[in-house]
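**Q** Attaching a single structure in structure tokens format; questions to follow.
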Amino acid sequence: MKWHNMGSGKFQLRLAIAVIKNSAFLCQGYVKQSEFVDRREMAKLRIRIQDIEQGDFELRGSL
Amino acid sequence: MKNSKKKAKELVRIFEIAVAMRAARLSPEFVVKSVRLALDYDGARELMLLWAQAPSAQDCEDVEADLQDEIDAHHSRSNLQRGKRKVVRFDDVELIAKDIEGFKRHLRRIVDQQGGISALAHKTGIPQPSLSRFFNSVSVPRRVTLYKIARALGLRDDEIITNWVA
């Protein structure tokens, strides 16, 4: 998980990154609001990781 | 042995939550698709458990919208050929967002003329929070969602497909 403070530190942008087989995949980004939101986003990240491990994903951009 | 017992308990819990979702008037189509996803994905199972533990109605609705997003994402991927999607250049993101915003605004006007979001949720079987998220965000719409909306509004498929569709 990477995060950046924005708007004079009022918002925390969290970037959920999965590192799989030497590649880093930025799967989603969200603004931290509560523990419940974190749990939702982690559940979605688990789905993304399972898809990537199965080769079921599309690259929509790269840096 | 211990693991299989734990797994069985988890599955029973998923079915209990499915019954609770029906009792909460979520559409049968949505509930069945959520369970199917939960059987394949640990993360989807976690989302269903979170729905049952949501501390507020808003949190509950957010999880419903998450589940619908995942259902649509997996439906799209299993029904479309790969390798034909557009890659988004970082420099184009703002322009694309404006394009999508305009498209959704136009679509929202048609929805409002036909009874609004609640009526659309009833006709499509898509939970209302998911539709609200759809119209209030500039995320790229999914083809499967657009087709459902087109059918509900009596629009032809070619009237509803935008340049930017996932």
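Letters A, B, ... go to the chains of the structure tokens in the order shown; residues in each chain start at 1; ligands are counted from 1 in the same order.
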Tell me, counting only C-alpha atoms, for each residue of chain A within 12 Å of chain B, which pair of atoms is nearest and how far apart they are in Å to one decimal, in rows ordered by chain and increasing number, as JSON lines.
**A**
{"residue": "A:Gln33", "atom": "CA", "partner": "B:Asp59", "partner_atom": "CA", "distance": 11.4}
{"residue": "A:Ser34", "atom": "CA", "partner": "B:Asp59", "partner_atom": "CA", "distance": 10.3}
{"residue": "A:Glu35", "atom": "CA", "partner": "B:Pro55", "partner_atom": "CA", "distance": 10.7}
{"residue": "A:Phe36", "atom": "CA", "partner": "B:Asp59", "partner_atom": "CA", "distance": 7.7}
{"residue": "A:Val37", "atom": "CA", "partner": "B:Asp59", "partner_atom": "CA", "distance": 8.1}
{"residue": "A:Asp38", "atom": "CA", "partner": "B:Leu50", "partner_atom": "CA", "distance": 11.2}
{"residue": "A:Arg39", "atom": "CA", "partner": "B:Leu50", "partner_atom": "CA", "distance": 8.0}
{"residue": "A:Arg40", "atom": "CA", "partner": "B:Leu47", "partner_atom": "CA", "distance": 6.5}
{"residue": "A:Glu41", "atom": "CA", "partner": "B:Asp66", "partner_atom": "CA", "distance": 9.1}
{"residue": "A:Met42", "atom": "CA", "partner": "B:Gly43", "partner_atom": "CA", "distance": 7.8}
{"residue": "A:Ala43", "atom": "CA", "partner": "B:Gly43", "partner_atom": "CA", "distance": 4.3}
{"residue": "A:Lys44", "atom": "CA", "partner": "B:Gly43", "partner_atom": "CA", "distance": 5.8}
{"residue": "A:Leu45", "atom": "CA", "partner": "B:Gly43", "partner_atom": "CA", "distance": 7.3}
{"residue": "A:Arg46", "atom": "CA", "partner": "B:Gly43", "partner_atom": "CA", "distance": 5.0}
{"residue": "A:Ile47", "atom": "CA", "partner": "B:Gly43", "partner_atom": "CA", "distance": 4.9}
{"residue": "A:Arg48", "atom": "CA", "partner": "B:Gly43", "partner_atom": "CA", "distance": 8.5}
{"residue": "A:Ile49", "atom": "CA", "partner": "B:Gly43", "partner_atom": "CA", "distance": 9.3}
{"residue": "A:Gln50", "atom": "CA", "partner": "B:Tyr41", "partner_atom": "CA", "distance": 7.4}
{"residue": "A:Asp51", "atom": "CA", "partner": "B:Tyr41", "partner_atom": "CA", "distance": 9.1}
{"residue": "A:Gln54", "atom": "CA", "partner": "B:Tyr41", "partner_atom": "CA", "distance": 11.7}
{"residue": "A:Gly55", "atom": "CA", "partner": "B:Arg82", "partner_atom": "CA", "distance": 11.8}
{"residue": "A:Asp56", "atom": "CA", "partner": "B:Arg77", "partner_atom": "CA", "distance": 8.1}
{"residue": "A:Phe57", "atom": "CA", "partner": "B:Arg77", "partner_atom": "CA", "distance": 8.4}
{"residue": "A:Glu58", "atom": "CA", "partner": "B:Arg82", "partner_atom": "CA", "distance": 8.0}
{"residue": "A:Leu59", "atom": "CA", "partner": "B:Val87", "partner_atom": "CA", "distance": 7.4}
{"residue": "A:Arg60", "atom": "CA", "partner": "B:Val87", "partner_atom": "CA", "distance": 4.9}
{"residue": "A:Gly61", "atom": "CA", "partner": "B:Val87", "partner_atom": "CA", "distance": 5.7}
{"residue": "A:Ser62", "atom": "CA", "partner": "B:Arg89", "partner_atom": "CA", "distance": 8.6}
{"residue": "A:Leu63", "atom": "CA", "partner": "B:Phe90", "partner_atom": "CA", "distance": 8.9}
**Q** Run DSSP on the backbone and give me the residues of chain A it puts in alpha helix (DSSP H), as a VMD selection string.
**A** chain A and resid 35 to 53
**Q** With C-alpha atoms retained, write the just-selected residues as a PDB file, in the first residue's frame.
**A**
ATOM      1  CA  GLU A  35     -11.637   1.323   8.704  1.00  0.00           C
ATOM      2  CA  PHE A  36     -14.699  -0.084   6.946  1.00  0.00           C
ATOM      3  CA  VAL A  37     -13.675   1.513   3.636  1.00  0.00           C
ATOM      4  CA  ASP A  38     -10.188   0.002   4.070  1.00  0.00           C
ATOM      5  CA  ARG A  39     -11.717  -3.460   4.550  1.00  0.00           C
ATOM      6  CA  ARG A  40     -13.895  -3.032   1.441  1.00  0.00           C
ATOM      7  CA  GLU A  41     -10.932  -1.942  -0.650  1.00  0.00           C
ATOM      8  CA  MET A  42      -8.782  -4.813   0.643  1.00  0.00           C
ATOM      9  CA  ALA A  43     -11.527  -7.301  -0.282  1.00  0.00           C
ATOM     10  CA  LYS A  44     -11.593  -5.847  -3.811  1.00  0.00           C
ATOM     11  CA  LEU A  45      -7.787  -5.976  -3.978  1.00  0.00           C
ATOM     12  CA  ARG A  46      -7.930  -9.704  -3.127  1.00  0.00           C
ATOM     13  CA  ILE A  47     -10.219 -10.198  -6.136  1.00  0.00           C
ATOM     14  CA  ARG A  48      -7.782  -8.256  -8.357  1.00  0.00           C
ATOM     15  CA  ILE A  49      -4.811 -10.324  -7.106  1.00  0.00           C
ATOM     16  CA  GLN A  50      -6.651 -13.595  -7.775  1.00  0.00           C
ATOM     17  CA  ASP A  51      -7.506 -12.405 -11.301  1.00  0.00           C
ATOM     18  CA  ILE A  52      -3.914 -11.324 -12.016  1.00  0.00           C
ATOM     19  CA  GLU A  53      -2.532 -14.631 -10.737  1.00  0.00           C
TER      20      GLU A  53
END
**Q** I want to know what sits within 12 Å of Arg108 of chain B, based on only C-alpha atoms, with residues of the same chain fewer than 5 positions away left out; could you give that as a PyMOL selection string?
**A** chain B and resi 101-103+113-117+120+131-132+134-136+149-150+153+160
**Q** Please write the residues from the selection above to a file, keeping N, CA, C and O atoms, as a compact mmCIF listing (two decimals), in the first residue's frame.
**A**
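And here's again_4.txt as it stands now:
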# COMPACT_ATOMS: atom_id res chain seq x y z
N GLU B 101 -18.39 12.36 -18.66
CA GLU B 101 -19.29 13.17 -17.82
C GLU B 101 -20.47 13.67 -18.65
O GLU B 101 -21.63 13.59 -18.22
N GLY B 102 -20.18 14.15 -19.86
CA GLY B 102 -21.23 14.65 -20.75
C GLY B 102 -22.19 13.55 -21.14
O GLY B 102 -23.42 13.73 -21.13
N PHE B 103 -21.65 12.37 -21.45
CA PHE B 103 -22.47 11.23 -21.83
C PHE B 103 -23.41 10.83 -20.69
O PHE B 103 -24.61 10.62 -20.87
N GLN B 113 -36.50 11.49 -16.95
CA GLN B 113 -37.78 11.61 -17.68
C GLN B 113 -38.61 10.33 -17.53
O GLN B 113 -39.82 10.33 -17.74
N GLN B 114 -37.94 9.23 -17.19
CA GLN B 114 -38.65 7.95 -17.10
C GLN B 114 -38.76 7.44 -15.66
O GLN B 114 -38.75 6.23 -15.42
N GLY B 115 -38.84 8.35 -14.70
CA GLY B 115 -39.10 7.93 -13.33
C GLY B 115 -37.92 7.97 -12.38
O GLY B 115 -38.07 7.67 -11.19
N GLY B 116 -36.74 8.28 -12.88
CA GLY B 116 -35.58 8.46 -12.00
C GLY B 116 -34.84 7.17 -11.69
O GLY B 116 -35.15 6.10 -12.22
N ILE B 117 -33.88 7.31 -10.78
CA ILE B 117 -32.96 6.22 -10.44
C ILE B 117 -33.71 5.02 -9.81
O ILE B 117 -33.40 3.87 -10.10
N LEU B 120 -35.36 3.02 -12.38
CA LEU B 120 -34.36 2.32 -13.19
C LEU B 120 -33.80 1.11 -12.42
O LEU B 120 -33.59 0.04 -13.00
N LEU B 131 -26.27 2.29 -9.15
CA LEU B 131 -26.65 3.23 -10.21
C LEU B 131 -26.25 4.66 -9.83
O LEU B 131 -25.80 5.43 -10.67
N SER B 132 -26.42 5.00 -8.54
CA SER B 132 -26.02 6.35 -8.10
C SER B 132 -24.53 6.55 -8.31
O SER B 132 -24.08 7.59 -8.80
N PHE B 134 -22.73 5.02 -10.49
CA PHE B 134 -22.53 5.08 -11.94
C PHE B 134 -22.72 6.51 -12.45
O PHE B 134 -21.89 7.04 -13.19
N PHE B 135 -23.83 7.16 -12.05
CA PHE B 135 -24.13 8.49 -12.58
C PHE B 135 -23.31 9.60 -11.92
O PHE B 135 -23.11 10.65 -12.51
N ASN B 136 -22.85 9.37 -10.70
CA ASN B 136 -22.12 10.44 -10.00
C ASN B 136 -20.61 10.37 -10.16
O ASN B 136 -19.89 11.18 -9.58
N ILE B 149 -29.22 -0.78 -18.97
CA ILE B 149 -29.91 0.51 -18.90
C ILE B 149 -30.66 0.76 -20.20
O ILE B 149 -31.81 1.22 -20.18
N ALA B 150 -30.04 0.42 -21.33
CA ALA B 150 -30.69 0.62 -22.64
C ALA B 150 -32.00 -0.16 -22.71
O ALA B 150 -33.04 0.37 -23.12
N LEU B 153 -34.67 1.47 -20.57
CA LEU B 153 -35.16 2.76 -21.05
C LEU B 153 -35.77 2.67 -22.45
O LEU B 153 -36.25 3.67 -22.99
N ILE B 160 -26.77 3.99 -26.97
CA ILE B 160 -26.26 4.12 -25.60
C ILE B 160 -24.76 3.85 -25.49
O ILE B 160 -24.14 4.16 -24.48
**Q** Taking the DSSP secondary structure from the backbone, can you list the residues of chain A that are strand (DSSP E or B), as a VMD selection string?
**A** chain A and resid 2 to 6 11 to 20 23 to 31
**Q** How about saving the chosen residues, N, CA, C and O atoms kept, as a compact mmCIF listing (two decimals), in the first residue's frame?
**A**
# COMPACT_ATOMS: atom_id res chain seq x y z
N LYS A 2 0.64 2.17 -0.95
CA LYS A 2 1.35 3.44 -0.95
C LYS A 2 0.30 4.51 -0.62
O LYS A 2 -0.87 4.36 -0.94
N TRP A 3 0.72 5.56 0.03
CA TRP A 3 -0.26 6.63 0.24
C TRP A 3 0.37 8.01 0.12
O TRP A 3 1.56 8.19 0.33
N HIS A 4 -0.45 8.97 -0.26
CA HIS A 4 -0.01 10.35 -0.43
C HIS A 4 -0.99 11.25 0.31
O HIS A 4 -2.20 11.07 0.18
N ASN A 5 -0.44 12.20 1.05
CA ASN A 5 -1.32 13.19 1.68
C ASN A 5 -1.55 14.32 0.71
O ASN A 5 -0.62 14.81 0.07
N MET A 6 -2.82 14.73 0.57
CA MET A 6 -3.17 15.78 -0.39
C MET A 6 -4.00 16.85 0.32
O MET A 6 -4.52 16.61 1.41
N PHE A 11 -6.50 15.02 3.08
CA PHE A 11 -6.94 13.78 2.43
C PHE A 11 -5.76 12.84 2.27
O PHE A 11 -4.65 13.28 1.99
N GLN A 12 -6.04 11.58 2.46
CA GLN A 12 -4.99 10.59 2.24
C GLN A 12 -5.41 9.69 1.09
O GLN A 12 -6.38 8.93 1.20
N LEU A 13 -4.68 9.82 -0.03
CA LEU A 13 -4.96 8.98 -1.20
C LEU A 13 -4.18 7.69 -1.04
O LEU A 13 -2.96 7.71 -0.88
N ARG A 14 -4.89 6.57 -1.05
CA ARG A 14 -4.23 5.27 -0.89
C ARG A 14 -4.22 4.54 -2.23
O ARG A 14 -5.25 4.47 -2.91
N LEU A 15 -3.07 4.03 -2.57
CA LEU A 15 -2.93 3.30 -3.84
C LEU A 15 -2.65 1.83 -3.53
O LEU A 15 -1.66 1.51 -2.87
N ALA A 16 -3.55 0.98 -3.98
CA ALA A 16 -3.40 -0.45 -3.71
C ALA A 16 -2.61 -1.09 -4.85
O ALA A 16 -3.06 -1.11 -5.99
N ILE A 17 -1.41 -1.56 -4.51
CA ILE A 17 -0.50 -2.10 -5.53
C ILE A 17 -0.21 -3.58 -5.22
O ILE A 17 0.11 -3.93 -4.09
N ALA A 18 -0.36 -4.41 -6.24
CA ALA A 18 -0.05 -5.83 -6.06
C ALA A 18 1.27 -6.12 -6.78
O ALA A 18 1.41 -5.78 -7.96
N VAL A 19 2.23 -6.71 -6.07
CA VAL A 19 3.49 -7.09 -6.71
C VAL A 19 3.44 -8.59 -6.98
O VAL A 19 3.38 -9.39 -6.04
N ILE A 20 3.37 -8.94 -8.25
CA ILE A 20 3.23 -10.35 -8.64
C ILE A 20 4.25 -10.67 -9.72
O ILE A 20 4.29 -10.00 -10.76
N SER A 23 6.40 -7.88 -11.22
CA SER A 23 5.69 -6.73 -11.80
C SER A 23 4.81 -6.11 -10.74
O SER A 23 4.22 -6.82 -9.91
N ALA A 24 4.73 -4.77 -10.77
CA ALA A 24 3.87 -4.07 -9.82
C ALA A 24 2.62 -3.60 -10.55
O ALA A 24 2.71 -2.93 -11.58
N PHE A 25 1.46 -3.98 -10.05
CA PHE A 25 0.19 -3.62 -10.67
C PHE A 25 -0.55 -2.63 -9.77
O PHE A 25 -0.86 -2.96 -8.63
N LEU A 26 -0.81 -1.44 -10.31
CA LEU A 26 -1.64 -0.48 -9.56
C LEU A 26 -3.10 -0.89 -9.82
O LEU A 26 -3.61 -0.74 -10.93
N CYS A 27 -3.73 -1.45 -8.82
CA CYS A 27 -5.06 -2.03 -9.01
C CYS A 27 -6.18 -1.03 -8.73
O CYS A 27 -7.22 -1.07 -9.38
N GLN A 28 -6.02 -0.18 -7.75
CA GLN A 28 -7.06 0.78 -7.43
C GLN A 28 -6.51 1.89 -6.55
O GLN A 28 -5.44 1.74 -5.95
N GLY A 29 -7.26 2.98 -6.51
CA GLY A 29 -6.90 4.08 -5.64
C GLY A 29 -8.15 4.56 -4.92
O GLY A 29 -9.24 4.47 -5.48
N TYR A 30 -8.02 5.00 -3.69
CA TYR A 30 -9.19 5.50 -2.96
C TYR A 30 -8.74 6.46 -1.87
O TYR A 30 -7.56 6.49 -1.50
N VAL A 31 -9.70 7.24 -1.40
CA VAL A 31 -9.40 8.18 -0.31
C VAL A 31 -9.74 7.50 1.00
O VAL A 31 -10.85 6.96 1.17
**Q** Between atom CA of Pro141 of chain B and atom CA of Val35 of chain B, what is the distance in Å, rounded to a tenth?
**A**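 Computing the Euclidean distance for atom CA of Pro141 of chain B and atom CA of Val35 of chain B yields 23.3 Å.
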**Q** Find the spatial neighbours of Asp99 of chain B, counting only C-alpha atoms, within a cut-off of 9 Å - ignore same-chain residues fewer than 3 positions away - and output them as JSON, numbers by chain.
**A** {"B": [94, 95, 96, 102, 103, 104, 138, 162, 163, 164]}
**Q** Please compute the atom CA of Pro28 of chain B-atom CA of Gly154 of chain B distance, one decimal, in Å.
**A**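 Going from atom CA of Pro28 of chain B over to atom CA of Gly154 of chain B covers 22.4 Å.
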**Q** If you measure from atom CA of Ser118 of chain B to atom CA of Ser137 of chain B, what distance in Å do you get, rounded to one decimal?
**A** 17.7 Å
**Q** Pick out the residues sitting within 8 Å of Ala18 of chain B, and hand them over as a list in words; count only C-alpha atoms, and ignore anything fewer than 2 positions along from it in its own chain.
**A**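 The contact residues come out as Ile14, Phe15, Glu16, Ala20, Met21, Arg22, Val31, Val32 and Val35 of chain B.
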